[in-house]
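S.K.: Structure: upload22.cif, mmCIF, C-alpha atoms and all ligand atoms.
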```
data_my_file
#
loop_
_atom_site.label_atom_id
_atom_site.label_comp_id
_atom_site.auth_asym_id
_atom_site.auth_seq_id
_atom_site.Cartn_x
_atom_site.Cartn_y
_atom_site.Cartn_z
CA MET A 246 -8.35 8.01 -10.25
CA ARG A 247 -5.52 5.57 -10.73
CA LEU A 248 -6.63 4.84 -14.29
CA VAL A 249 -6.77 8.55 -15.04
CA SER A 250 -3.26 8.97 -13.75
CA GLN A 251 -2.03 6.01 -15.78
CA LEU A 252 -3.70 7.38 -18.89
CA PHE A 253 -2.06 10.70 -18.20
CA GLN A 254 1.33 9.01 -17.94
CA VAL A 255 0.80 7.14 -21.20
CA GLY A 256 -0.21 10.40 -22.86
CA LEU A 257 2.86 12.10 -21.48
CA PHE A 258 5.06 9.28 -22.75
CA LEU A 259 3.53 9.40 -26.24
CA GLY A 260 3.92 13.16 -26.26
CA MET A 261 7.59 12.84 -25.34
CA ALA A 262 8.11 10.19 -28.00
CA THR A 263 6.67 12.56 -30.60
CA VAL A 264 8.95 15.36 -29.47
CA LEU A 265 12.00 13.07 -29.48
CA HIS A 266 11.17 11.88 -32.96
CA ALA A 267 10.70 15.44 -34.21
CA GLN A 268 14.11 16.38 -32.86
CA THR A 269 15.89 13.73 -34.89
CA ASP A 270 14.35 14.79 -38.19
CA LEU A 271 15.71 18.22 -39.02
CA GLY A 272 13.20 18.86 -41.80
CA VAL A 273 15.51 21.29 -43.61
CA ALA A 274 16.14 19.21 -46.74
CA SER A 275 13.35 19.81 -49.24
CA TYR A 276 12.26 17.43 -52.00
CA THR A 277 9.95 17.41 -55.01
CA GLU A 278 7.13 14.84 -55.16
CA ALA A 279 9.49 12.74 -57.32
CA ASP A 280 12.05 12.74 -54.47
CA GLN A 281 14.45 15.12 -56.15
CA LEU A 282 16.39 17.33 -53.74
CA PHE A 283 15.99 21.10 -54.04
CA PHE A 284 19.29 22.97 -53.78
CA PRO A 285 19.17 24.30 -50.19
CA GLU A 286 18.76 27.95 -49.21
CA ARG A 287 21.63 30.13 -47.96
CA THR A 288 24.46 27.61 -48.17
CA ASP A 289 26.77 30.61 -47.65
CA LEU A 290 25.70 30.47 -43.98
CA TRP A 291 26.65 26.80 -43.55
CA VAL A 292 29.41 25.84 -41.14
CA HIS A 293 32.89 25.22 -42.54
CA MET A 294 34.10 21.68 -41.76
CA GLY A 295 37.27 21.28 -43.82
CA SER A 296 39.10 22.04 -47.05
CA SER A 297 41.27 19.99 -49.37
CA LEU A 298 43.56 20.72 -52.30
CA GLY A 299 43.80 18.44 -55.33
CA SER A 300 41.64 15.70 -53.81
CA GLU A 301 39.59 15.08 -56.92
CA TYR A 302 38.51 11.51 -57.55
CA GLY A 303 41.05 10.03 -59.96
CA ASP A 304 44.42 8.37 -60.26
CA GLU A 305 46.40 11.41 -61.45
CA PRO A 306 49.43 12.11 -59.22
CA PHE A 307 49.41 15.43 -57.35
CA ASP A 308 51.17 18.18 -59.34
CA PRO A 309 52.31 21.09 -57.09
CA ALA A 310 52.45 23.50 -60.04
CA ASN A 311 48.88 22.68 -61.02
CA PRO A 312 47.26 21.32 -57.86
CA GLY A 313 43.68 21.01 -59.11
CA ALA A 314 40.54 21.91 -57.23
CA ILE A 315 40.12 23.35 -53.76
CA GLY A 316 37.32 21.37 -52.11
CA VAL A 317 35.38 23.10 -49.34
CA VAL A 318 33.10 21.06 -47.05
CA GLN A 319 30.27 22.73 -45.09
CA MET A 320 27.46 21.40 -42.88
CA GLU A 321 23.92 22.77 -42.60
CA PRO A 322 23.85 24.74 -39.31
CA SER A 323 20.96 22.98 -37.52
CA ALA A 324 22.59 19.61 -38.36
CA TYR A 325 25.86 20.79 -36.86
CA GLN A 326 24.09 22.04 -33.72
CA TYR A 327 22.35 18.67 -33.36
CA PHE A 328 25.66 16.85 -33.83
CA LEU A 329 27.34 18.95 -31.13
CA GLU A 330 24.56 18.14 -28.68
CA ASN A 331 24.02 14.44 -29.49
CA HIS A 332 27.33 13.26 -31.00
CA GLU A 333 25.51 11.66 -33.92
CA TYR A 334 23.88 12.84 -37.14
CA ALA A 335 20.16 13.59 -37.20
CA ASP A 336 18.05 12.41 -40.13
CA GLY A 337 18.20 15.15 -42.74
CA THR A 338 21.81 16.13 -42.00
CA MET A 339 23.24 17.79 -45.11
CA TYR A 340 26.88 18.18 -46.08
CA LEU A 341 27.94 20.28 -49.07
CA LEU A 342 31.22 19.81 -50.96
CA SER A 343 32.03 22.72 -53.29
CA PHE A 344 34.84 22.52 -55.84
CA TYR A 345 36.69 25.75 -56.63
CA GLY A 346 39.50 26.27 -59.12
CA SER A 347 42.86 26.99 -57.46
CA GLU A 348 44.24 30.36 -58.56
CA ALA A 349 47.90 31.32 -58.39
CA GLU A 350 47.33 34.81 -59.87
CA SER A 351 46.21 36.50 -56.68
CA ASP A 352 46.82 40.23 -56.26
CA PRO A 353 48.88 40.98 -54.23
CA GLN A 354 50.77 37.93 -55.42
CA LEU A 355 51.33 35.43 -52.64
CA PRO A 356 53.31 32.24 -53.15
CA GLY A 357 50.35 29.90 -52.72
CA PHE A 358 46.91 29.36 -54.19
CA VAL A 359 43.55 30.98 -53.47
CA GLN A 360 39.97 30.00 -54.32
CA GLY A 361 38.98 30.76 -57.91
CA ALA A 362 35.63 30.11 -59.58
CA LEU A 363 33.11 27.66 -58.18
CA ASN A 364 32.91 24.71 -60.61
CA ALA A 365 30.64 22.05 -59.10
CA GLN A 366 28.70 21.16 -55.95
CA GLU A 367 27.84 17.83 -54.29
CA ILE A 368 25.44 17.18 -51.41
CA HIS A 369 25.43 14.21 -49.04
CA VAL A 370 22.17 13.84 -47.08
CA ILE A 371 22.24 11.39 -44.17
CA ASP A 372 18.73 10.06 -43.55
CA ASN A 373 17.96 6.53 -42.36
CA SER A 374 14.20 6.91 -42.64
CA ARG A 375 14.20 8.24 -46.21
CA PHE A 376 16.98 6.28 -47.93
CA SER A 377 17.48 2.48 -47.87
CA GLU A 378 21.27 3.03 -47.82
CA GLY A 379 20.93 5.56 -44.98
CA ARG A 380 22.13 8.36 -47.26
CA GLY A 381 21.63 10.03 -50.60
CA PHE A 382 24.20 11.72 -52.84
CA PHE A 383 23.24 14.54 -55.21
CA LEU A 384 25.14 16.56 -57.84
CA PHE A 385 24.46 20.24 -58.58
CA PRO A 386 26.06 22.67 -61.04
CA ALA A 387 27.94 25.76 -59.86
CA ASP A 388 25.03 28.06 -60.73
CA ALA A 389 22.37 26.06 -58.83
CA THR A 390 19.62 28.14 -57.20
CA THR A 391 16.91 27.16 -54.69
CA THR A 392 14.65 26.14 -57.60
CA SER A 393 17.30 23.72 -58.96
CA THR A 394 16.57 20.04 -58.32
CA SER A 395 18.70 16.91 -58.54
CA ASP A 396 17.91 13.19 -58.70
CA LYS A 397 19.51 11.00 -56.07
CA ILE A 398 22.42 9.05 -57.51
CA PRO A 399 21.02 5.47 -57.72
CA ASP A 400 21.71 2.90 -54.98
CA GLY A 401 24.96 0.95 -55.21
CA SER A 402 26.96 3.97 -56.47
CA ASP A 403 30.71 4.55 -56.18
CA CYS A 404 29.84 7.46 -53.87
CA VAL A 405 28.23 5.18 -51.26
CA GLU A 406 30.84 2.45 -51.69
CA CYS A 407 33.87 4.69 -51.07
CA HIS A 408 32.21 6.75 -48.34
CA MET A 409 31.12 3.65 -46.35
CA ALA A 410 34.50 1.95 -46.80
CA GLU A 411 36.82 4.92 -46.20
CA GLY A 412 34.84 7.55 -44.28
CA GLU A 413 35.58 7.23 -40.56
CA TYR A 414 32.18 8.17 -39.19
CA ASP A 415 28.75 7.19 -40.58
CA GLY A 416 29.90 7.35 -44.22
CA THR A 417 31.43 10.81 -43.86
CA PHE A 418 35.11 11.78 -44.00
CA SER A 419 35.11 12.99 -40.41
CA GLN A 420 38.83 12.21 -40.20
CA PHE A 421 39.38 15.35 -42.33
CA TYR A 422 36.99 17.64 -40.39
CA PRO A 423 38.75 18.87 -37.23
CA THR A 424 35.69 19.81 -35.16
CA ILE A 425 33.92 16.53 -36.00
CA ARG A 426 36.89 14.22 -35.42
CA GLU A 427 37.45 15.83 -32.04
CA ILE A 428 34.04 14.45 -31.02
CA THR A 429 34.08 11.12 -32.88
CA GLY A 430 37.65 10.46 -31.76
CA ASN A 431 39.22 9.64 -35.12
C1 LIG A 501 37.20 7.18 -53.92
C2 LIG A 501 36.50 7.73 -52.78
C3 LIG A 501 35.32 8.66 -52.98
C4 LIG A 501 34.26 8.55 -53.86
C5 LIG A 501 34.02 7.50 -54.95
C6 LIG A 501 33.36 9.65 -53.57
N1 LIG A 501 33.85 10.41 -52.54
FE1 LIG A 501 32.96 12.01 -51.70
N2 LIG A 501 34.53 12.27 -50.48
C7 LIG A 501 35.72 11.55 -50.53
C8 LIG A 501 36.69 12.16 -49.65
C9 LIG A 501 38.13 11.70 -49.43
C10 LIG A 501 36.04 13.26 -49.05
C11 LIG A 501 36.64 14.25 -48.04
C12 LIG A 501 36.67 15.65 -48.55
C13 LIG A 501 37.75 15.95 -49.54
O1 LIG A 501 38.84 15.40 -49.42
O2 LIG A 501 37.51 16.76 -50.45
C14 LIG A 501 34.68 13.27 -49.56
C15 LIG A 501 33.71 14.16 -49.14
C16 LIG A 501 32.47 14.27 -49.72
C17 LIG A 501 31.42 15.17 -49.26
C18 LIG A 501 31.47 15.97 -47.98
C19 LIG A 501 30.73 15.24 -46.83
C20 LIG A 501 31.24 13.86 -46.44
O3 LIG A 501 30.47 12.90 -46.64
O4 LIG A 501 32.38 13.71 -45.91
C21 LIG A 501 30.41 15.08 -50.16
C22 LIG A 501 29.11 15.87 -50.15
C23 LIG A 501 30.79 14.10 -51.16
N3 LIG A 501 32.04 13.61 -50.86
C24 LIG A 501 30.02 13.73 -52.25
C25 LIG A 501 30.34 12.68 -53.10
C26 LIG A 501 29.52 12.26 -54.25
C27 LIG A 501 28.24 12.94 -54.69
C28 LIG A 501 30.14 11.18 -54.80
C29 LIG A 501 29.73 10.38 -56.01
C30 LIG A 501 29.47 11.10 -57.23
C31 LIG A 501 31.34 10.93 -54.01
N4 LIG A 501 31.43 11.84 -53.00
C32 LIG A 501 32.19 9.87 -54.26
C33 LIG A 501 35.93 10.40 -51.24
C34 LIG A 501 35.06 9.86 -52.17
#
```
Written as structure tokens, how would this file's structure read?
M.R.:
Amino acid sequence: MRLVSQLFQVGLFLGMATVLHAQTDLGVASYTEADQLFFPERTDLWVHMGSSLGSEYGDEPFDPANPGAIGVVQMEPSAYQYFLENHEYADGTMYLLSFYGSEAESDPQLPGFVQGALNAQEIHVIDNSRFSEGRGFFLFPADATTTSTSDKIPDGSDCVECHMAEGEYDGTFSQFYPTIREITGN
């Protein structure tokens, strides 16, 4: 009887371990057999994290008359939900950075700038079990669809270097995302 109960407890524990593991792997990111990332579905429904103006990578000084791109950062919704509940990123967490032109010719004319055409998209997947660097960075064109695929930028890239050195939380620029920095405290 005792043995049966112990076996039951072990079974229960293993079952729980499986559930816990499943919870930390979101399973939303989809890859080809050659480990290329498919452009995700319905990124229009992703959660807005932050926006920037003229923050392109380069040494050009900021020019107020011609401020450059508007960068919009979004997070995949189930990843955001997991982060809110656990205060850490699950494996498979995806962030999207979309670059839009900044347009001054809005109608009615307002003094500032609005989002123009989408020019390029970048995805940061955080996944310690899939990637040796704990993350993968991928580039997609503006017209990417769910059948578009992208190779991971090879290990040792500038992307990983800058993100790990300057991003405040787990290689991400949480310091610029108000709802995230409220939780991570930076
Ligand atoms: C010199 C530093 C630097 C380099 C190099 C860099 N990034 Fe970033 N990245 C940033 C900053 C700063 C942000 C914050 C958002 C913004 O300001 O537009 C950011 C945000 C992002 C985000 C939004 C999610 C996050 O992690 O915060 C993605 C996706 C991204 N970068 C992709 C890339 C890719 C792909 C590369 C390489 C091709 C790259 N980055 C290289 C500085 C860098």
S.K.: Please, which residues have at least one atom within 6 Å of an atom of ligand LIG 501 (chain A), using all atoms listed in the file, listed as a list in words?
M.R.: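 Taking all atoms listed in the file into account, the residues around ligand LIG 501 (chain A) at most 6 Å away are Ser297, Ser300, Tyr302, Gly316, Val318, Tyr340, Leu341, Leu342, Glu367, Ile368, His369, Phe382, Phe383, Leu384, Asp403, Cys404, Cys407, His408, Thr417 and Phe418 of chain A.
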S.K.: Hey, which bits of segment 338-428 of chain A sit within 6 Å of segment 279-285 of chain A, and for each residue what's the closest pair of atoms and how far apart in Å (one decimal), counting only C-alpha atoms, rows by chain and increasing number, as CSV?
M.R.:
```
residue,atom,partner,partner_atom,distance
A:Thr391,CA,A:Phe284,CA,4.9
A:Ser393,CA,A:Phe284,CA,5.6
A:Thr394,CA,A:Phe283,CA,4.4
A:Ser395,CA,A:Gln281,CA,5.2
A:Asp396,CA,A:Gln281,CA,4.7
```
S.K.: Show which residues sit within 8 Å of segment 347-355 of chain A, as a ChimeraX atom specification. Count only C-alpha atoms, and ignore same-chain residues fewer than 2 positions away.
M.R.: /A:312-315,345,357-361
S.K.: Can you tell me how far atom CA of Asp336 of chain A sits from atom CA of Ser296 of chain A, in Å to one decimal?
M.R.: 24.2 Å
S.K.: Give me, please, the distance in Å between atom CA of Phe328 of chain A and atom CA of Ser377 of chain A, quoted to one decimal.
M.R.: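 For atom CA of Phe328 of chain A relative to atom CA of Ser377 of chain A, the distance reads 21.7 Å.
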S.K.: What gap, in Å, lies between atom CA of Phe385 of chain A and atom CA of Asp308 of chain A?
M.R.: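 Those two atoms sit 26.8 Å apart.
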S.K.: Would you please work out which residue, of A:Pro322, A:Ser374, A:Pro309, A:Phe344, is nearest to Thr269 of chain A when using all atoms listed in the file?
M.R.: A:Ser374
S.K.: Quick one: residues within 10 Å of Gly379 of chain A, all atoms listed in the file, excluding same-chain residues fewer than 5 positions away - as a list in words?
M.R.: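 Skipping anything fewer than 5 positions along the chain leaves Asp336, Val370, Ile371, Asp372, Asn373, Ser374, Val405, Asp415 and Gly416 of chain A.
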S.K.: Return as JSON lines the residues of segment 289-364 of chain A lying at most 12 Å from segment 271-278 of chain A, together with the closest atom-to-atom pair for each and the distance in Å to one decimal, counting all atoms listed in the file, with rows in chain order and ascending residue number.
M.R.:
```
{"residue": "A:Met320", "atom": "CA", "partner": "A:Val273", "partner_atom": "CA", "distance": 12.0}
{"residue": "A:Glu321", "atom": "CA", "partner": "A:Val273", "partner_atom": "CA", "distance": 8.6}
{"residue": "A:Pro322", "atom": "CA", "partner": "A:Val273", "partner_atom": "CA", "distance": 10.0}
{"residue": "A:Ser323", "atom": "CA", "partner": "A:Leu271", "partner_atom": "CA", "distance": 7.2}
{"residue": "A:Ala324", "atom": "CA", "partner": "A:Leu271", "partner_atom": "CA", "distance": 7.0}
{"residue": "A:Tyr325", "atom": "CA", "partner": "A:Leu271", "partner_atom": "CA", "distance": 10.7}
{"residue": "A:Gln326", "atom": "CA", "partner": "A:Leu271", "partner_atom": "CA", "distance": 10.6}
{"residue": "A:Tyr327", "atom": "CA", "partner": "A:Leu271", "partner_atom": "CA", "distance": 8.7}
{"residue": "A:Phe328", "atom": "CA", "partner": "A:Leu271", "partner_atom": "CA", "distance": 11.3}
{"residue": "A:Tyr334", "atom": "CA", "partner": "A:Leu271", "partner_atom": "CA", "distance": 10.0}
{"residue": "A:Ala335", "atom": "CA", "partner": "A:Leu271", "partner_atom": "CA", "distance": 6.7}
{"residue": "A:Asp336", "atom": "CA", "partner": "A:Leu271", "partner_atom": "CA", "distance": 6.4}
{"residue": "A:Gly337", "atom": "CA", "partner": "A:Leu271", "partner_atom": "CA", "distance": 5.4}
{"residue": "A:Thr338", "atom": "CA", "partner": "A:Leu271", "partner_atom": "CA", "distance": 7.1}
{"residue": "A:Met339", "atom": "CA", "partner": "A:Ala274", "partner_atom": "CA", "distance": 7.4}
{"residue": "A:Tyr340", "atom": "CA", "partner": "A:Ala274", "partner_atom": "CA", "distance": 10.8}
```
S.K.: For segment 364-385 of chain A, which lacks atoms in the input, supply N, CA and C atoms and format the output as a compact mmCIF listing (two decimals), in the coordinates of the input.
M.R.:
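To be explicit, this is the file written out as result-v8.txt:
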```txt
# COMPACT_ATOMS: atom_id res chain seq x y z
N ASN A 364 33.13 25.55 -59.42
CA ASN A 364 32.91 24.71 -60.61
C ASN A 364 31.82 23.66 -60.46
N ALA A 365 31.63 23.12 -59.28
CA ALA A 365 30.64 22.05 -59.10
C ALA A 365 30.31 21.90 -57.63
N GLN A 366 29.13 21.33 -57.34
CA GLN A 366 28.70 21.16 -55.95
C GLN A 366 28.09 19.76 -55.76
N GLU A 367 28.38 19.16 -54.61
CA GLU A 367 27.84 17.83 -54.29
C GLU A 367 27.23 17.88 -52.89
N ILE A 368 26.09 17.22 -52.73
CA ILE A 368 25.44 17.18 -51.41
C ILE A 368 25.27 15.74 -50.95
N HIS A 369 25.61 15.51 -49.68
CA HIS A 369 25.43 14.21 -49.04
C HIS A 369 24.38 14.41 -47.95
N VAL A 370 23.21 13.76 -48.11
CA VAL A 370 22.17 13.84 -47.08
C VAL A 370 22.16 12.52 -46.31
N ILE A 371 22.30 12.60 -45.00
CA ILE A 371 22.24 11.39 -44.17
C ILE A 371 20.81 11.29 -43.64
N ASP A 372 20.13 10.19 -43.96
CA ASP A 372 18.73 10.06 -43.55
C ASP A 372 18.32 8.59 -43.60
N ASN A 373 18.28 7.96 -42.42
CA ASN A 373 17.96 6.53 -42.36
C ASN A 373 16.50 6.24 -42.64
N SER A 374 15.61 7.20 -42.40
CA SER A 374 14.20 6.91 -42.64
C SER A 374 13.82 7.13 -44.10
N ARG A 375 14.56 7.96 -44.82
CA ARG A 375 14.20 8.24 -46.21
C ARG A 375 14.91 7.33 -47.21
N PHE A 376 16.18 7.02 -46.94
CA PHE A 376 16.98 6.28 -47.93
C PHE A 376 17.34 4.88 -47.43
N SER A 377 17.19 3.86 -48.29
CA SER A 377 17.48 2.48 -47.87
C SER A 377 18.97 2.31 -47.53
N GLU A 378 19.84 3.13 -48.14
CA GLU A 378 21.27 3.03 -47.82
C GLU A 378 21.66 3.98 -46.69
N GLY A 379 20.67 4.65 -46.10
CA GLY A 379 20.93 5.56 -44.98
C GLY A 379 21.44 6.91 -45.42
N ARG A 380 21.56 7.11 -46.72
CA ARG A 380 22.13 8.36 -47.26
C ARG A 380 21.77 8.51 -48.73
N GLY A 381 21.82 9.75 -49.18
CA GLY A 381 21.63 10.03 -50.60
C GLY A 381 22.68 11.01 -51.06
N PHE A 382 23.20 10.81 -52.26
CA PHE A 382 24.20 11.72 -52.84
C PHE A 382 23.59 12.42 -54.04
N PHE A 383 23.85 13.72 -54.16
CA PHE A 383 23.24 14.54 -55.21
C PHE A 383 24.29 15.46 -55.83
N LEU A 384 24.21 15.67 -57.14
CA LEU A 384 25.14 16.56 -57.84
C LEU A 384 24.40 17.81 -58.29
N PHE A 385 25.04 18.98 -58.12
CA PHE A 385 24.46 20.24 -58.58
C PHE A 385 25.51 21.04 -59.34
```
